[in-house]
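Asks: Quick one: the structure is below, and I'll ask about it shortly.
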Amino acid sequence: DLGETKTVKLLEWNQQIPVNYIKLAAIPEPLPPTLASTQWPQFYRVAPKTNWNECIVPLLNQGTAYIKDPSTRLAPELLAPKAGEQVLDLCAAPGGKAYDISQQMNGQGLLVAVDLPGSRIPQLQENLAPLAQTDLQTAIVERDVLKLKATDFSALGLPTTYPAVMLDAPCSNTGVIQRRIDVKWRLQIQDIDNCAELQLKLLQKAAEFVADAGRLVYSTCSIEPSENRTVVERFLQSPAGIGFELIEHRISLPWETGHDGAGAFLIKKASNP
């Protein structure tokens, strides 16, 4: 897919030691000396010899910081949730996208997070707890997205459709091999196609909960075309994609952007599909 030159650049990138970043919603005074500003607003580079217990943990406990790579900003920026909106975050655990979304909502509206019941839910609950405010309601729905129904929401007194839906889909992780070196040994060739099939099903299911004139963002941390643009094209050509159109997309190739790889696609639903 990449050709020789880009493949070599990817291999070289994956052999480098990954940088840790922290995103700060509120800049502390004074700024810990082991944090350095970057070209990406609110993202700070964490020095390798940082004392995390002294410098980082207090910020995390305040709920105004999150350990995340700058690539994670792409999808929430495309979704562009507004203050007071109702937003649905699918495959939400551990809560990194929800953190960004809540900040963009200025602490006003409704944020509903959905993920599989199991070990990831407690971490999602822990990360969502600091986000809840007087004007921002948060809710967690423990459900397999593929089995999600409108009644799962109505039973909890939640809306059944949303003007803004985020789907950060499970993927091959080919954009984050530098950070997750196990991928080099774990990933098998067939896994790419298997991921793409699951991603298409998840995208088709997510579309069911998009309100008329609403928007849906599909994202991955893969750089494979078959998991990004091809999945979106297949969705738009399927019955579930009738009335939707691709508005904008962003692809991060890590050796070009200087941070993890990712794909993000903004898909709009017509007023009367």
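Within each chain, counting starts at residue 1; across the structure tokens, chains are named A, B, ... in the order shown, with ligands numbered 1 upward in that order.
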Tell me, as a JSON list (two decimals) with all heavy atoms, in the first residue's frame, which residues lie within 10 Å of A:Glu256, counting only C-alpha atoms; anything in the same chain fewer than 6 positions away does not count.

Replies:
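Writing done, so here's around_39.json:
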```json
[["chain", "number", "residue", "atom", "x", "y", "z"],
["A", 6, "LYS", "N", 7.96, 5.10, 1.54],
["A", 6, "LYS", "CA", 7.15, 5.34, 2.72],
["A", 6, "LYS", "C", 7.24, 4.18, 3.71],
["A", 6, "LYS", "O", 7.16, 4.39, 4.93],
["A", 6, "LYS", "CB", 5.69, 5.58, 2.32],
["A", 6, "LYS", "CG", 5.46, 6.91, 1.61],
["A", 6, "LYS", "CD", 3.99, 7.13, 1.31],
["A", 6, "LYS", "CE", 3.76, 8.48, 0.65],
["A", 6, "LYS", "NZ", 2.32, 8.72, 0.35],
["A", 9, "LYS", "N", 10.26, 4.72, 5.77],
["A", 9, "LYS", "CA", 10.02, 5.79, 6.74],
["A", 9, "LYS", "C", 9.18, 5.28, 7.91],
["A", 9, "LYS", "O", 9.42, 5.65, 9.07],
["A", 9, "LYS", "CB", 9.35, 6.97, 6.06],
["A", 9, "LYS", "CG", 10.26, 7.72, 5.10],
["A", 9, "LYS", "CD", 9.54, 8.90, 4.48],
["A", 9, "LYS", "CE", 10.49, 9.67, 3.55],
["A", 9, "LYS", "NZ", 9.80, 10.83, 2.91],
["A", 10, "LEU", "N", 8.19, 4.45, 7.61],
["A", 10, "LEU", "CA", 7.36, 3.87, 8.66],
["A", 10, "LEU", "C", 8.17, 2.97, 9.57],
["A", 10, "LEU", "O", 8.06, 3.03, 10.81],
["A", 10, "LEU", "CB", 6.19, 3.09, 8.05],
["A", 10, "LEU", "CG", 5.30, 2.33, 9.04],
["A", 10, "LEU", "CD1", 4.65, 3.29, 10.03],
["A", 10, "LEU", "CD2", 4.25, 1.51, 8.31],
["A", 13, "TRP", "N", 10.33, 5.08, 11.78],
["A", 13, "TRP", "CA", 9.51, 5.73, 12.82],
["A", 13, "TRP", "C", 9.19, 4.74, 13.93],
["A", 13, "TRP", "O", 9.30, 5.07, 15.12],
["A", 13, "TRP", "CB", 8.23, 6.27, 12.20],
["A", 13, "TRP", "CG", 7.22, 6.72, 13.22],
["A", 13, "TRP", "CD1", 6.21, 5.98, 13.76],
["A", 13, "TRP", "CD2", 7.15, 8.00, 13.84],
["A", 13, "TRP", "NE1", 5.51, 6.72, 14.67],
["A", 13, "TRP", "CE2", 6.07, 7.97, 14.74],
["A", 13, "TRP", "CE3", 7.89, 9.18, 13.73],
["A", 13, "TRP", "CZ2", 5.71, 9.07, 15.53],
["A", 13, "TRP", "CZ3", 7.54, 10.27, 14.52],
["A", 13, "TRP", "CH2", 6.46, 10.20, 15.40]]
```

Asks: Which parts of stretch 40-247 of chain A does DSSP call strand (DSSP E or B) when run on the backbone here, written out as an NGL selection string?

Replies: :A and (43-46 or 65-67 or 86-90 or 109-115 or 133 or 136-142 or 162-168 or 210-220 or 244-247)

Asks: Next, the residues of the selection above should be written as a CSV table (one decimal), in the first residue's frame with C-alpha atoms.

Replies:
```
chain,number,residue,atom,x,y,z
A,43,PHE,CA,-0.5,19.2,24.2
A,44,TYR,CA,2.7,19.1,26.3
A,45,ARG,CA,5.7,16.8,25.9
A,46,VAL,CA,6.5,14.9,29.1
A,65,ALA,CA,-5.5,16.6,32.1
A,66,TYR,CA,-5.3,13.4,30.1
A,67,ILE,CA,-2.3,11.3,28.9
A,86,GLN,CA,-26.4,15.7,23.0
A,87,VAL,CA,-23.4,13.6,22.0
A,88,LEU,CA,-23.1,9.8,21.7
A,89,ASP,CA,-19.6,8.3,22.1
A,90,LEU,CA,-19.5,4.7,20.9
A,109,GLY,CA,-25.1,19.2,27.4
A,110,LEU,CA,-25.3,15.5,27.5
A,111,LEU,CA,-22.5,13.0,26.8
A,112,VAL,CA,-23.5,9.3,26.5
A,113,ALA,CA,-20.7,6.7,26.4
A,114,VAL,CA,-21.2,3.2,25.2
A,115,ASP,CA,-18.8,0.2,25.6
A,133,GLN,CA,-20.7,19.2,36.0
A,136,LEU,CA,-23.0,18.5,31.7
A,137,GLN,CA,-24.8,15.2,32.2
A,138,THR,CA,-22.8,12.0,31.5
A,139,ALA,CA,-24.1,8.5,31.2
A,140,ILE,CA,-22.6,5.1,30.5
A,141,VAL,CA,-24.4,2.4,28.6
A,142,GLU,CA,-22.8,-1.1,29.1
A,162,TYR,CA,-28.1,12.2,18.6
A,163,PRO,CA,-27.0,15.2,16.5
A,164,ALA,CA,-23.3,14.2,17.1
A,165,VAL,CA,-22.1,10.6,17.1
A,166,MET,CA,-18.4,9.5,17.6
A,167,LEU,CA,-17.3,6.0,16.6
A,168,ASP,CA,-13.7,5.3,17.5
A,210,VAL,CA,-27.7,9.8,14.1
A,211,ALA,CA,-30.4,12.3,14.1
A,212,ASP,CA,-31.6,13.9,10.9
A,213,ALA,CA,-29.1,16.6,9.8
A,214,GLY,CA,-26.7,15.1,12.4
A,215,ARG,CA,-23.1,14.1,11.9
A,216,LEU,CA,-21.1,11.0,12.5
A,217,VAL,CA,-17.3,10.8,12.9
A,218,TYR,CA,-15.6,7.4,12.2
A,219,SER,CA,-12.0,7.1,13.4
A,220,THR,CA,-9.2,4.5,13.8
A,244,PHE,CA,-25.2,10.2,4.3
A,245,GLU,CA,-22.2,11.9,2.6
A,246,LEU,CA,-18.6,12.2,3.4
A,247,ILE,CA,-17.8,15.8,4.2
```

Asks: Please identify which residues in stretch 60-234 of chain A DSSP calls helix (DSSP H, G or I) from the backbone, and express them as number ranges by chain.

Replies: A: 60-61, 70-79, 96-104, 120-131, 145-147, 150-154, 183-186, 189-207, 225-227, 229-234

Asks: Output C-alpha atoms of each residue in that selection to a file, as a PDB file, in the first residue's frame.

Replies:
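This is the output file part18.pdb:
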```pdb
ATOM      1  CA  LEU A  60      -4.780  13.883  36.324  1.00  0.00           C
ATOM      2  CA  ASN A  61      -6.596  13.759  39.665  1.00  0.00           C
ATOM      3  CA  PRO A  70      -1.793  14.599  19.599  1.00  0.00           C
ATOM      4  CA  SER A  71      -3.275  12.287  16.947  1.00  0.00           C
ATOM      5  CA  THR A  72      -6.310  11.843  19.209  1.00  0.00           C
ATOM      6  CA  ARG A  73      -7.365  15.433  18.549  1.00  0.00           C
ATOM      7  CA  LEU A  74      -8.283  14.745  14.911  1.00  0.00           C
ATOM      8  CA  ALA A  75     -11.609  12.974  15.404  1.00  0.00           C
ATOM      9  CA  PRO A  76     -13.077  15.296  18.083  1.00  0.00           C
ATOM     10  CA  GLU A  77     -12.080  18.327  16.017  1.00  0.00           C
ATOM     11  CA  LEU A  78     -14.028  16.948  13.057  1.00  0.00           C
ATOM     12  CA  LEU A  79     -17.056  16.176  15.235  1.00  0.00           C
ATOM     13  CA  GLY A  96     -10.004   9.785  25.911  1.00  0.00           C
ATOM     14  CA  LYS A  97     -12.400  10.993  23.226  1.00  0.00           C
ATOM     15  CA  ALA A  98     -15.037  11.766  25.864  1.00  0.00           C
ATOM     16  CA  TYR A  99     -12.509  14.010  27.610  1.00  0.00           C
ATOM     17  CA  ASP A 100     -11.974  16.026  24.413  1.00  0.00           C
ATOM     18  CA  ILE A 101     -15.681  16.141  23.628  1.00  0.00           C
ATOM     19  CA  SER A 102     -16.602  17.448  27.076  1.00  0.00           C
ATOM     20  CA  GLN A 103     -14.043  20.236  26.778  1.00  0.00           C
ATOM     21  CA  GLN A 104     -15.429  21.273  23.394  1.00  0.00           C
ATOM     22  CA  ARG A 120     -12.848  -1.507  30.737  1.00  0.00           C
ATOM     23  CA  ILE A 121     -16.019  -0.042  32.261  1.00  0.00           C
ATOM     24  CA  PRO A 122     -14.510   0.855  35.675  1.00  0.00           C
ATOM     25  CA  GLN A 123     -11.749   2.832  33.947  1.00  0.00           C
ATOM     26  CA  LEU A 124     -14.343   4.560  31.766  1.00  0.00           C
ATOM     27  CA  GLN A 125     -16.355   5.431  34.880  1.00  0.00           C
ATOM     28  CA  GLU A 126     -13.240   6.776  36.599  1.00  0.00           C
ATOM     29  CA  ASN A 127     -12.327   8.948  33.619  1.00  0.00           C
ATOM     30  CA  LEU A 128     -15.873  10.258  33.097  1.00  0.00           C
ATOM     31  CA  ALA A 129     -16.497  11.106  36.755  1.00  0.00           C
ATOM     32  CA  PRO A 130     -14.445  14.334  36.770  1.00  0.00           C
ATOM     33  CA  LEU A 131     -16.170  15.505  33.581  1.00  0.00           C
ATOM     34  CA  VAL A 145     -22.466  -1.671  20.082  1.00  0.00           C
ATOM     35  CA  LEU A 146     -23.431  -4.273  17.474  1.00  0.00           C
ATOM     36  CA  LYS A 147     -26.389  -5.267  19.676  1.00  0.00           C
ATOM     37  CA  ALA A 150     -33.003   2.356  20.843  1.00  0.00           C
ATOM     38  CA  THR A 151     -34.654   0.736  23.849  1.00  0.00           C
ATOM     39  CA  ASP A 152     -31.255   0.543  25.595  1.00  0.00           C
ATOM     40  CA  PHE A 153     -31.308   4.344  25.660  1.00  0.00           C
ATOM     41  CA  SER A 154     -35.006   4.924  26.326  1.00  0.00           C
ATOM     42  CA  VAL A 183       1.626  -5.265  17.335  1.00  0.00           C
ATOM     43  CA  LYS A 184       4.743  -6.344  15.409  1.00  0.00           C
ATOM     44  CA  TRP A 185       4.414  -9.861  16.784  1.00  0.00           C
ATOM     45  CA  ARG A 186       0.665 -10.070  17.360  1.00  0.00           C
ATOM     46  CA  ILE A 189      -2.249 -10.592   7.702  1.00  0.00           C
ATOM     47  CA  GLN A 190      -5.889 -11.689   7.960  1.00  0.00           C
ATOM     48  CA  ASP A 191      -6.459  -9.366  10.905  1.00  0.00           C
ATOM     49  CA  ILE A 192      -6.638  -6.344   8.597  1.00  0.00           C
ATOM     50  CA  ASP A 193      -9.603  -7.736   6.668  1.00  0.00           C
ATOM     51  CA  ASN A 194     -11.229  -8.985   9.876  1.00  0.00           C
ATOM     52  CA  CYS A 195     -10.963  -5.511  11.379  1.00  0.00           C
ATOM     53  CA  ALA A 196     -12.426  -3.914   8.271  1.00  0.00           C
ATOM     54  CA  GLU A 197     -15.473  -6.186   8.363  1.00  0.00           C
ATOM     55  CA  LEU A 198     -16.100  -5.397  12.030  1.00  0.00           C
ATOM     56  CA  GLN A 199     -15.583  -1.682  11.428  1.00  0.00           C
ATOM     57  CA  LEU A 200     -18.166  -1.665   8.632  1.00  0.00           C
ATOM     58  CA  LYS A 201     -20.737  -3.361  10.863  1.00  0.00           C
ATOM     59  CA  LEU A 202     -20.029  -0.904  13.673  1.00  0.00           C
ATOM     60  CA  LEU A 203     -20.341   2.070  11.321  1.00  0.00           C
ATOM     61  CA  GLN A 204     -23.641   0.780   9.961  1.00  0.00           C
ATOM     62  CA  LYS A 205     -24.936   0.340  13.512  1.00  0.00           C
ATOM     63  CA  ALA A 206     -23.709   3.795  14.580  1.00  0.00           C
ATOM     64  CA  ALA A 207     -25.663   5.357  11.708  1.00  0.00           C
ATOM     65  CA  PRO A 225      -6.628   2.355   3.541  1.00  0.00           C
ATOM     66  CA  SER A 226      -8.781  -0.770   3.881  1.00  0.00           C
ATOM     67  CA  GLU A 227      -9.660   0.226   7.459  1.00  0.00           C
ATOM     68  CA  ARG A 229     -11.385   5.242   3.350  1.00  0.00           C
ATOM     69  CA  THR A 230     -12.525   1.850   2.051  1.00  0.00           C
ATOM     70  CA  VAL A 231     -14.728   1.210   5.104  1.00  0.00           C
ATOM     71  CA  VAL A 232     -16.370   4.612   4.714  1.00  0.00           C
ATOM     72  CA  GLU A 233     -16.928   4.079   0.988  1.00  0.00           C
ATOM     73  CA  ARG A 234     -18.468   0.656   1.611  1.00  0.00           C
TER      74      ARG A 234
END
```

Asks: From the list A:Leu59, A:Glu248, A:Asn51, A:Val19, which residue is nearest A:Leu31 when using only C-alpha atoms?

Replies: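 Among the listed residues, A:Leu59 lies closest to A:Leu31.
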
Asks: To one decimal place in Å, what is the distance between atom CA of A:Trp40 and atom CA of A:Ala26?

Replies: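 Pair atom CA of A:Trp40 / atom CA of A:Ala26 returns 14.8 Å.
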
Asks: To one decimal in Å, tell me the separation between atom CA of A:His259 and atom CA of A:Asp69.

Replies: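 Computing the Euclidean distance for atom CA of A:His259 and atom CA of A:Asp69 yields 6.9 Å.
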
Asks: How far is it from atom CA of A:Gln108 to atom CA of A:Ala132, in Å with one decimal?

Replies: 9.4 Å

Asks: Taking into account only C-alpha atoms, which residue in the set A:Pro32, A:Glu54, A:Asn14, A:Arg143 is nearest to A:Gly261?

Replies: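 The closest residue to A:Gly261 is A:Asn14.
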